[in-house]
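Reproduced below: model-v2.txt, with compact mmCIF, C-alpha atoms.
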```
# COMPACT_ATOMS: atom_id res chain seq x y z
CA MET O 203 -1.58 23.90 -0.10
CA ASN O 204 0.85 24.37 2.79
CA ASN O 205 1.85 21.49 5.04
CA PRO O 206 0.03 22.52 8.24
CA GLN O 207 -3.15 23.08 6.22
CA ALA O 208 -2.86 19.64 4.58
CA THR O 209 -2.32 17.95 7.94
CA ASP O 210 -5.25 19.76 9.53
CA MET O 211 -7.53 18.88 6.63
CA ALA O 212 -6.55 15.21 6.76
CA LEU O 213 -7.06 14.96 10.51
CA ALA O 214 -10.46 16.64 10.15
CA ILE O 215 -11.75 13.83 7.91
CA LEU O 216 -9.84 10.94 9.51
CA ARG O 217 -12.31 8.01 9.70
CA ALA O 218 -15.21 10.45 9.43
CA GLY O 219 -18.42 9.31 7.80
CA ASP O 220 -19.34 12.59 6.10
CA PRO O 221 -17.28 12.13 2.88
CA PHE O 222 -18.58 8.59 2.29
CA GLN O 223 -19.73 7.68 -1.24
CA TRP O 224 -21.54 4.50 -2.33
CA TYR O 225 -18.91 3.63 -4.94
CA VAL O 226 -16.80 2.31 -2.06
CA ILE O 227 -19.15 -0.68 -1.86
CA THR O 228 -18.63 -1.38 -5.56
CA LEU O 229 -14.85 -1.20 -5.13
CA LEU O 230 -15.09 -3.62 -2.22
CA ALA O 231 -17.16 -6.05 -4.29
CA LEU O 232 -14.71 -5.88 -7.20
CA THR O 233 -11.74 -6.44 -4.88
CA ILE O 234 -13.43 -9.48 -3.35
CA TYR O 235 -14.23 -10.76 -6.84
CA VAL O 236 -10.57 -10.60 -7.86
CA TYR O 237 -9.53 -12.77 -4.92
CA VAL O 238 -12.46 -15.16 -5.17
CA ASN O 239 -11.69 -15.68 -8.86
CA GLU O 240 -8.03 -16.49 -8.13
CA ILE O 241 -8.94 -18.77 -5.22
CA ALA O 242 -11.45 -20.62 -7.38
CA ARG O 243 -8.64 -21.25 -9.87
CA LYS O 244 -6.33 -22.25 -7.00
CA ASN O 245 -3.86 -19.62 -8.13
CA TRP O 246 -2.30 -19.47 -4.67
CA LYS O 247 0.96 -17.91 -5.83
CA SER O 248 -0.77 -14.77 -7.10
CA VAL O 249 -2.98 -14.65 -4.00
CA ALA O 250 0.17 -14.76 -1.86
CA ALA O 251 1.75 -12.00 -3.95
CA GLY O 252 -1.31 -9.80 -3.51
CA LEU O 253 -1.61 -10.32 0.23
CA SER O 254 2.14 -9.92 0.80
CA LEU O 255 2.18 -6.50 -0.83
CA TYR O 256 -0.98 -5.51 1.03
CA MET O 257 0.47 -6.42 4.42
CA VAL O 258 3.60 -4.36 3.71
CA HIS O 259 1.35 -1.51 2.55
CA TRP O 260 -0.48 -1.50 5.89
CA PHE O 261 2.77 -1.65 7.86
CA VAL O 262 4.17 1.35 5.96
CA GLU O 263 0.94 3.35 6.39
CA ILE O 264 0.92 2.68 10.13
CA VAL O 265 4.53 3.89 10.39
CA ASN O 266 3.62 7.03 8.40
CA ALA O 267 0.70 7.70 10.75
CA LEU O 268 2.97 7.24 13.79
CA ILE O 269 5.42 9.75 12.28
CA GLN O 270 2.52 12.20 12.10
CA HIS O 271 1.70 11.60 15.76
CA PHE O 272 5.24 12.10 17.04
CA SER O 273 6.43 14.87 14.68
CA GLY O 274 3.20 16.70 13.87
CA HIS O 275 3.29 15.84 10.16
CA ALA O 276 3.29 12.56 8.25
CA LEU O 277 5.63 12.03 5.30
CA TRP O 278 2.59 12.00 3.01
CA THR O 279 -1.02 12.83 3.67
CA VAL O 280 -4.43 12.76 1.98
CA PRO O 281 -6.26 15.99 2.81
CA THR O 282 -9.20 15.58 0.43
CA GLY O 283 -10.65 13.55 -2.42
CA THR O 284 -11.34 10.30 -0.58
CA ALA O 285 -14.68 8.82 0.49
CA PHE O 286 -13.09 7.47 3.67
CA LEU O 287 -9.67 8.32 5.11
CA ILE O 288 -8.47 5.22 6.94
CA LEU O 289 -5.14 6.61 8.16
CA VAL O 290 -3.64 10.05 7.61
CA GLY O 291 -1.87 8.96 4.42
CA VAL O 292 -4.27 6.48 2.88
CA GLY O 293 -7.85 6.63 1.69
CA VAL O 294 -10.05 3.62 1.10
CA GLU O 295 -9.73 3.83 -2.70
CA ILE O 296 -5.93 3.61 -2.79
CA SER O 297 -5.99 0.88 -0.15
CA PHE O 298 -8.28 -1.24 -2.34
CA MET O 299 -5.89 -0.69 -5.25
CA PHE O 300 -2.89 -1.85 -3.23
CA SER O 301 -4.85 -4.87 -2.02
CA ILE O 302 -4.80 -6.27 -5.57
CA ALA O 303 -1.71 -4.60 -7.09
CA GLY O 304 0.66 -7.41 -6.17
CA LEU O 305 -1.75 -10.03 -7.48
CA ILE O 306 -2.26 -8.21 -10.78
CA PHE O 307 1.40 -7.57 -11.55
CA SER O 308 2.46 -11.06 -10.47
CA LYS O 309 0.66 -12.32 -13.59
CA LEU O 310 3.38 -10.69 -15.70
CA LEU O 311 6.20 -12.61 -14.01
CA PRO O 312 8.05 -15.17 -16.15
CA GLU O 313 7.54 -18.77 -15.05
CA ASP O 314 11.29 -19.21 -14.57
CA PRO O 315 12.34 -17.32 -11.42
CA GLN O 316 15.99 -17.49 -12.55
CA LEU O 317 15.44 -15.87 -15.94
CA LYS O 318 17.45 -12.68 -16.41
CA ILE O 319 16.29 -9.47 -18.07
CA LEU O 320 19.17 -7.28 -19.29
CA GLY O 321 21.44 -9.22 -16.97
CA ILE O 322 19.18 -8.76 -13.92
CA ASN O 323 17.14 -11.48 -12.26
CA ASN O 324 13.58 -11.00 -13.48
CA ARG O 325 12.08 -10.83 -9.97
CA LEU O 326 14.44 -7.97 -9.12
CA ALA O 327 13.87 -6.33 -12.51
CA PHE O 328 10.09 -6.43 -12.06
CA THR O 329 10.45 -5.10 -8.51
CA LEU O 330 12.55 -2.14 -9.62
CA GLY O 331 10.42 -1.47 -12.70
CA ASN O 332 7.11 -1.42 -10.87
CA ALA O 333 8.58 0.57 -7.98
CA ALA O 334 9.88 3.17 -10.44
CA PHE O 335 6.53 3.38 -12.24
CA PHE O 336 4.55 3.95 -9.04
CA SER O 337 7.10 6.47 -7.70
CA ILE O 338 6.96 8.48 -10.92
CA PHE O 339 3.17 8.36 -10.88
CA GLU O 340 3.22 10.02 -7.46
CA LEU O 341 4.80 13.04 -9.15
CA PHE O 342 1.42 13.53 -10.80
CA LEU O 343 -0.56 12.87 -7.63
CA VAL O 344 1.27 15.56 -5.65
CA ARG O 345 0.23 18.09 -8.28
CA THR O 346 -3.40 17.48 -7.29
CA PRO O 347 -5.03 18.64 -4.03
CA THR O 348 -5.68 15.03 -3.00
CA PHE O 349 -2.12 13.98 -2.10
CA VAL O 350 0.66 15.91 -0.36
CA TRP O 351 4.32 15.16 0.24
CA VAL O 352 4.74 17.03 3.49
CA TYR O 353 8.51 17.48 3.85
CA PRO O 354 10.64 19.12 1.12
CA TRP O 355 13.21 16.31 1.26
CA TRP O 356 10.55 13.65 0.70
CA GLY O 357 9.96 12.86 -2.96
CA ALA O 358 9.98 10.24 -5.70
CA PHE O 359 13.40 8.77 -4.87
CA PRO O 360 12.78 8.25 -1.11
CA VAL O 361 9.36 6.80 -2.00
CA PHE O 362 11.03 4.49 -4.53
CA ILE O 363 13.54 3.19 -1.97
CA THR O 364 11.53 2.99 1.24
CA VAL O 365 7.98 2.32 0.02
CA TYR O 366 7.65 0.80 -3.42
CA ILE O 367 10.70 -1.45 -3.50
CA PRO O 368 9.53 -3.18 -0.27
CA PHE O 369 5.97 -3.39 -1.69
CA PHE O 370 6.92 -5.16 -4.90
CA ALA O 371 9.81 -7.15 -3.46
CA ALA O 372 7.34 -8.67 -1.01
CA ALA O 373 4.91 -9.47 -3.83
CA PHE O 374 7.33 -10.88 -6.40
CA TYR O 375 9.63 -12.83 -4.10
CA SER O 376 6.82 -14.31 -2.03
CA TYR O 377 5.33 -15.55 -5.31
CA ASP O 378 8.04 -18.24 -5.42
CA TRP O 379 8.15 -19.14 -1.74
CA ARG O 380 6.84 -22.40 -0.39
CA PRO O 381 3.24 -22.17 0.89
CA ARG O 382 4.35 -22.48 4.51
CA THR O 383 6.74 -19.54 4.13
CA GLN O 384 4.06 -17.48 2.38
CA ILE O 385 1.58 -18.15 5.17
CA LEU O 386 4.17 -17.35 7.85
CA PHE O 387 5.14 -14.04 6.21
CA ILE O 388 1.59 -12.88 5.53
CA GLY O 389 0.27 -14.10 8.88
CA THR O 390 3.07 -12.50 10.89
CA LEU O 391 2.68 -9.12 9.21
CA ALA O 392 -1.10 -9.31 9.51
CA ALA O 393 -0.78 -9.95 13.24
CA VAL O 394 1.71 -7.09 13.68
CA ASN O 395 -0.52 -4.70 11.73
CA ALA O 396 -3.67 -5.75 13.58
CA LEU O 397 -1.98 -5.34 16.96
CA ALA O 398 -0.61 -1.93 15.95
CA LEU O 399 -4.04 -0.75 14.82
CA VAL O 400 -5.69 -1.97 18.03
CA VAL O 401 -3.07 -0.31 20.24
CA PHE O 402 -2.24 2.88 18.35
CA ALA O 403 -5.66 3.61 16.84
CA GLY O 404 -8.12 1.88 19.13
CA VAL O 405 -6.54 2.27 22.58
CA LEU O 406 -4.11 5.18 22.44
CA HIS O 407 -5.78 7.13 19.60
CA TRP O 408 -2.41 8.08 18.20
CA ILE O 409 -3.19 7.32 14.56
```

Could I get this file's structure written as structure tokens?
Amino acid sequence: MNNPQATDMALAILRAGDPFQWYVITLLALTIYVYVNEIARKNWKSVAAGLSLYMVHWFVEIVNALIQHFSGHALWTVPTGTAFLILVGVGVEISFMFSIAGLIFSKLLPEDPQLKILGINNRLAFTLGNAAFFSIFELFLVRTPTFVWVYPWWGAFPVFITVYIPFFAAAFYSYDWRPRTQILFIGTLAAVNALALVVFAGVLHWI
């Protein structure tokens, strides 16, 4: 699939109702269950890790969509295979996954934030390890018709540096922050993302 074709296909289904499938409702219910279960257990640290990653995810996807608006092509795009394309580079299914990814992987963190793994602080080690895993997994995704890296210079290493390291650093470092700092970080990013969506998607129709 060539890049102009992938962009055109993605824009054709952007927030369209035609591809919708009922399994989206099940995914929503399961995502809510994950958070309700953690809240019931008062596992606030994992909740903060999950929401921190998710807010960074939305910020990155908004930037990718703005790149599409100003340059004609996003860095990555989803031309098919989703029941609902939220922004040019993210379908509802992958967004649900990222909404709980930080929460899930935070459960593997050692209790001691100062513990070192192979001489590296464990929070940094887990950040780099998870970022590498997700970046390598994208090598498989781009071999399917559902996910396209648009530019030839964009690949696993740029994704590793600019996308997945920020994702998991936000999750694993926020895990240890004081509640006030967690709330400030998550709340600020949520406000920035909400304002960007209102302005760029709702008012200007750029993304």

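In this comparison, which uses only C-alpha atoms, the residue of O:Ala212, O:Val361, O:Leu391, O:Ala285 approaching Trp260 in chain O most closely is O:Leu391.
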
Inset, instruction - For CA of Phe369 in chain O and CA of Met257 in chain O, determine how far apart the two atoms are, in Å to one decimal place. - result: 8.8 Å

Quick one: residues within 9 Å of Leu341 in chain O, all atoms listed in the file, excluding same-chain residues fewer than 3 positions away - as a PDB file with C-alpha atoms, keeping the file's coordinate frame?
```
ATOM      1  CA  SER O 337       7.100   6.470  -7.700  1.00  0.00           C
ATOM      2  CA  ILE O 338       6.960   8.480 -10.920  1.00  0.00           C
ATOM      3  CA  VAL O 344       1.270  15.560  -5.650  1.00  0.00           C
ATOM      4  CA  ARG O 345       0.230  18.090  -8.280  1.00  0.00           C
ATOM      5  CA  GLY O 357       9.960  12.860  -2.960  1.00  0.00           C
ATOM      6  CA  ALA O 358       9.980  10.240  -5.700  1.00  0.00           C
TER       7      ALA O 358
END
```

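In terms of minimum interatomic distance to Phe328 in chain O, O:Ala372 ranks closest within O:Val226, O:Ala372, O:Leu289, O:Ala403, counting all atoms listed in the file.
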
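Between CA of Thr233 in chain O and CA of Gly304 in chain O lies a distance of 12.5 Å.
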
Inset, instruction - Would you mind listing what lies within 8 Å of range 217-219 of chain O as a count of residues only, with only C-alpha atoms counted and same-chain residues fewer than 6 positions away left out? - result: 4

Inset, instruction - Identify, on the basis of all atoms listed in the file, every residue whose closest approach to range 332-334 of chain O does not exceed 8 Å; exclude the query and any residue fewer than 5 positions from it along the same chain; express the result as number ranges by chain. - result: O: 362, 366-367, 369-370

Residues as selected, C-alpha atoms, written as a compact mmCIF listing (two decimals), in the frame of the given file, can you do that?
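Okay, part_34.txt is ready:
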```
# COMPACT_ATOMS: atom_id res chain seq x y z
CA PHE O 362 11.03 4.49 -4.53
CA TYR O 366 7.65 0.80 -3.42
CA ILE O 367 10.70 -1.45 -3.50
CA PHE O 369 5.97 -3.39 -1.69
CA PHE O 370 6.92 -5.16 -4.90
```

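In this comparison, which uses all atoms listed in the file, the residue of O:Val352, O:Val236, O:Ile241, O:Leu230 approaching Ser297 in chain O most closely is O:Leu230.
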
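Counting all atoms listed in the file and comparing O:Leu343, O:Phe374, O:Pro281, O:Asn324, the residue that lies closest to Ala214 in chain O is O:Pro281.
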
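Proximity ranking of O:Leu311, O:Leu330, O:Val280, O:Leu406 relative to Ile296 in chain O places O:Val280 first, based on only C-alpha atoms.
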
Inset, instruction - Determine, counting only C-alpha atoms, which protein, DNA and RNA residues have an atom within 10 Å of an atom of Thr346 in chain O; residues of the same chain fewer than 4 positions away are not included. Present the result as a VMD selection string. - result: chain O and resid 203 282 to 283 340 to 342 350

Legend entry - Ref. answer, residues at most 12 Å from (-1.0, -14.8, -1.8) with only C-alpha atoms, as a PyMOL selection string: chain O and resi 237-238+240-241+244-257+301-306+308+372-389

For the residues selected in the previous step, produce a file with C-alpha atoms as an mmCIF file, in the coordinates of the input.
```cif
data_model
loop_
_atom_site.group_PDB
_atom_site.id
_atom_site.type_symbol
_atom_site.label_atom_id
_atom_site.label_comp_id
_atom_site.auth_asym_id
_atom_site.auth_seq_id
_atom_site.Cartn_x
_atom_site.Cartn_y
_atom_site.Cartn_z
ATOM 1 C CA TYR O 237 -9.530 -12.770 -4.920
ATOM 2 C CA VAL O 238 -12.460 -15.160 -5.170
ATOM 3 C CA GLU O 240 -8.030 -16.490 -8.130
ATOM 4 C CA ILE O 241 -8.940 -18.770 -5.220
ATOM 5 C CA LYS O 244 -6.330 -22.250 -7.000
ATOM 6 C CA ASN O 245 -3.860 -19.620 -8.130
ATOM 7 C CA TRP O 246 -2.300 -19.470 -4.670
ATOM 8 C CA LYS O 247 0.960 -17.910 -5.830
ATOM 9 C CA SER O 248 -0.770 -14.770 -7.100
ATOM 10 C CA VAL O 249 -2.980 -14.650 -4.000
ATOM 11 C CA ALA O 250 0.170 -14.760 -1.860
ATOM 12 C CA ALA O 251 1.750 -12.000 -3.950
ATOM 13 C CA GLY O 252 -1.310 -9.800 -3.510
ATOM 14 C CA LEU O 253 -1.610 -10.320 0.230
ATOM 15 C CA SER O 254 2.140 -9.920 0.800
ATOM 16 C CA LEU O 255 2.180 -6.500 -0.830
ATOM 17 C CA TYR O 256 -0.980 -5.510 1.030
ATOM 18 C CA MET O 257 0.470 -6.420 4.420
ATOM 19 C CA SER O 301 -4.850 -4.870 -2.020
ATOM 20 C CA ILE O 302 -4.800 -6.270 -5.570
ATOM 21 C CA ALA O 303 -1.710 -4.600 -7.090
ATOM 22 C CA GLY O 304 0.660 -7.410 -6.170
ATOM 23 C CA LEU O 305 -1.750 -10.030 -7.480
ATOM 24 C CA ILE O 306 -2.260 -8.210 -10.780
ATOM 25 C CA SER O 308 2.460 -11.060 -10.470
ATOM 26 C CA ALA O 372 7.340 -8.670 -1.010
ATOM 27 C CA ALA O 373 4.910 -9.470 -3.830
ATOM 28 C CA PHE O 374 7.330 -10.880 -6.400
ATOM 29 C CA TYR O 375 9.630 -12.830 -4.100
ATOM 30 C CA SER O 376 6.820 -14.310 -2.030
ATOM 31 C CA TYR O 377 5.330 -15.550 -5.310
ATOM 32 C CA ASP O 378 8.040 -18.240 -5.420
ATOM 33 C CA TRP O 379 8.150 -19.140 -1.740
ATOM 34 C CA ARG O 380 6.840 -22.400 -0.390
ATOM 35 C CA PRO O 381 3.240 -22.170 0.890
ATOM 36 C CA ARG O 382 4.350 -22.480 4.510
ATOM 37 C CA THR O 383 6.740 -19.540 4.130
ATOM 38 C CA GLN O 384 4.060 -17.480 2.380
ATOM 39 C CA ILE O 385 1.580 -18.150 5.170
ATOM 40 C CA LEU O 386 4.170 -17.350 7.850
ATOM 41 C CA PHE O 387 5.140 -14.040 6.210
ATOM 42 C CA ILE O 388 1.590 -12.880 5.530
ATOM 43 C CA GLY O 389 0.270 -14.100 8.880
#
```

Legend entry - Length of the CA of Val290 in chain O to CA of His407 in chain O vector [Å]: 12.5 Å
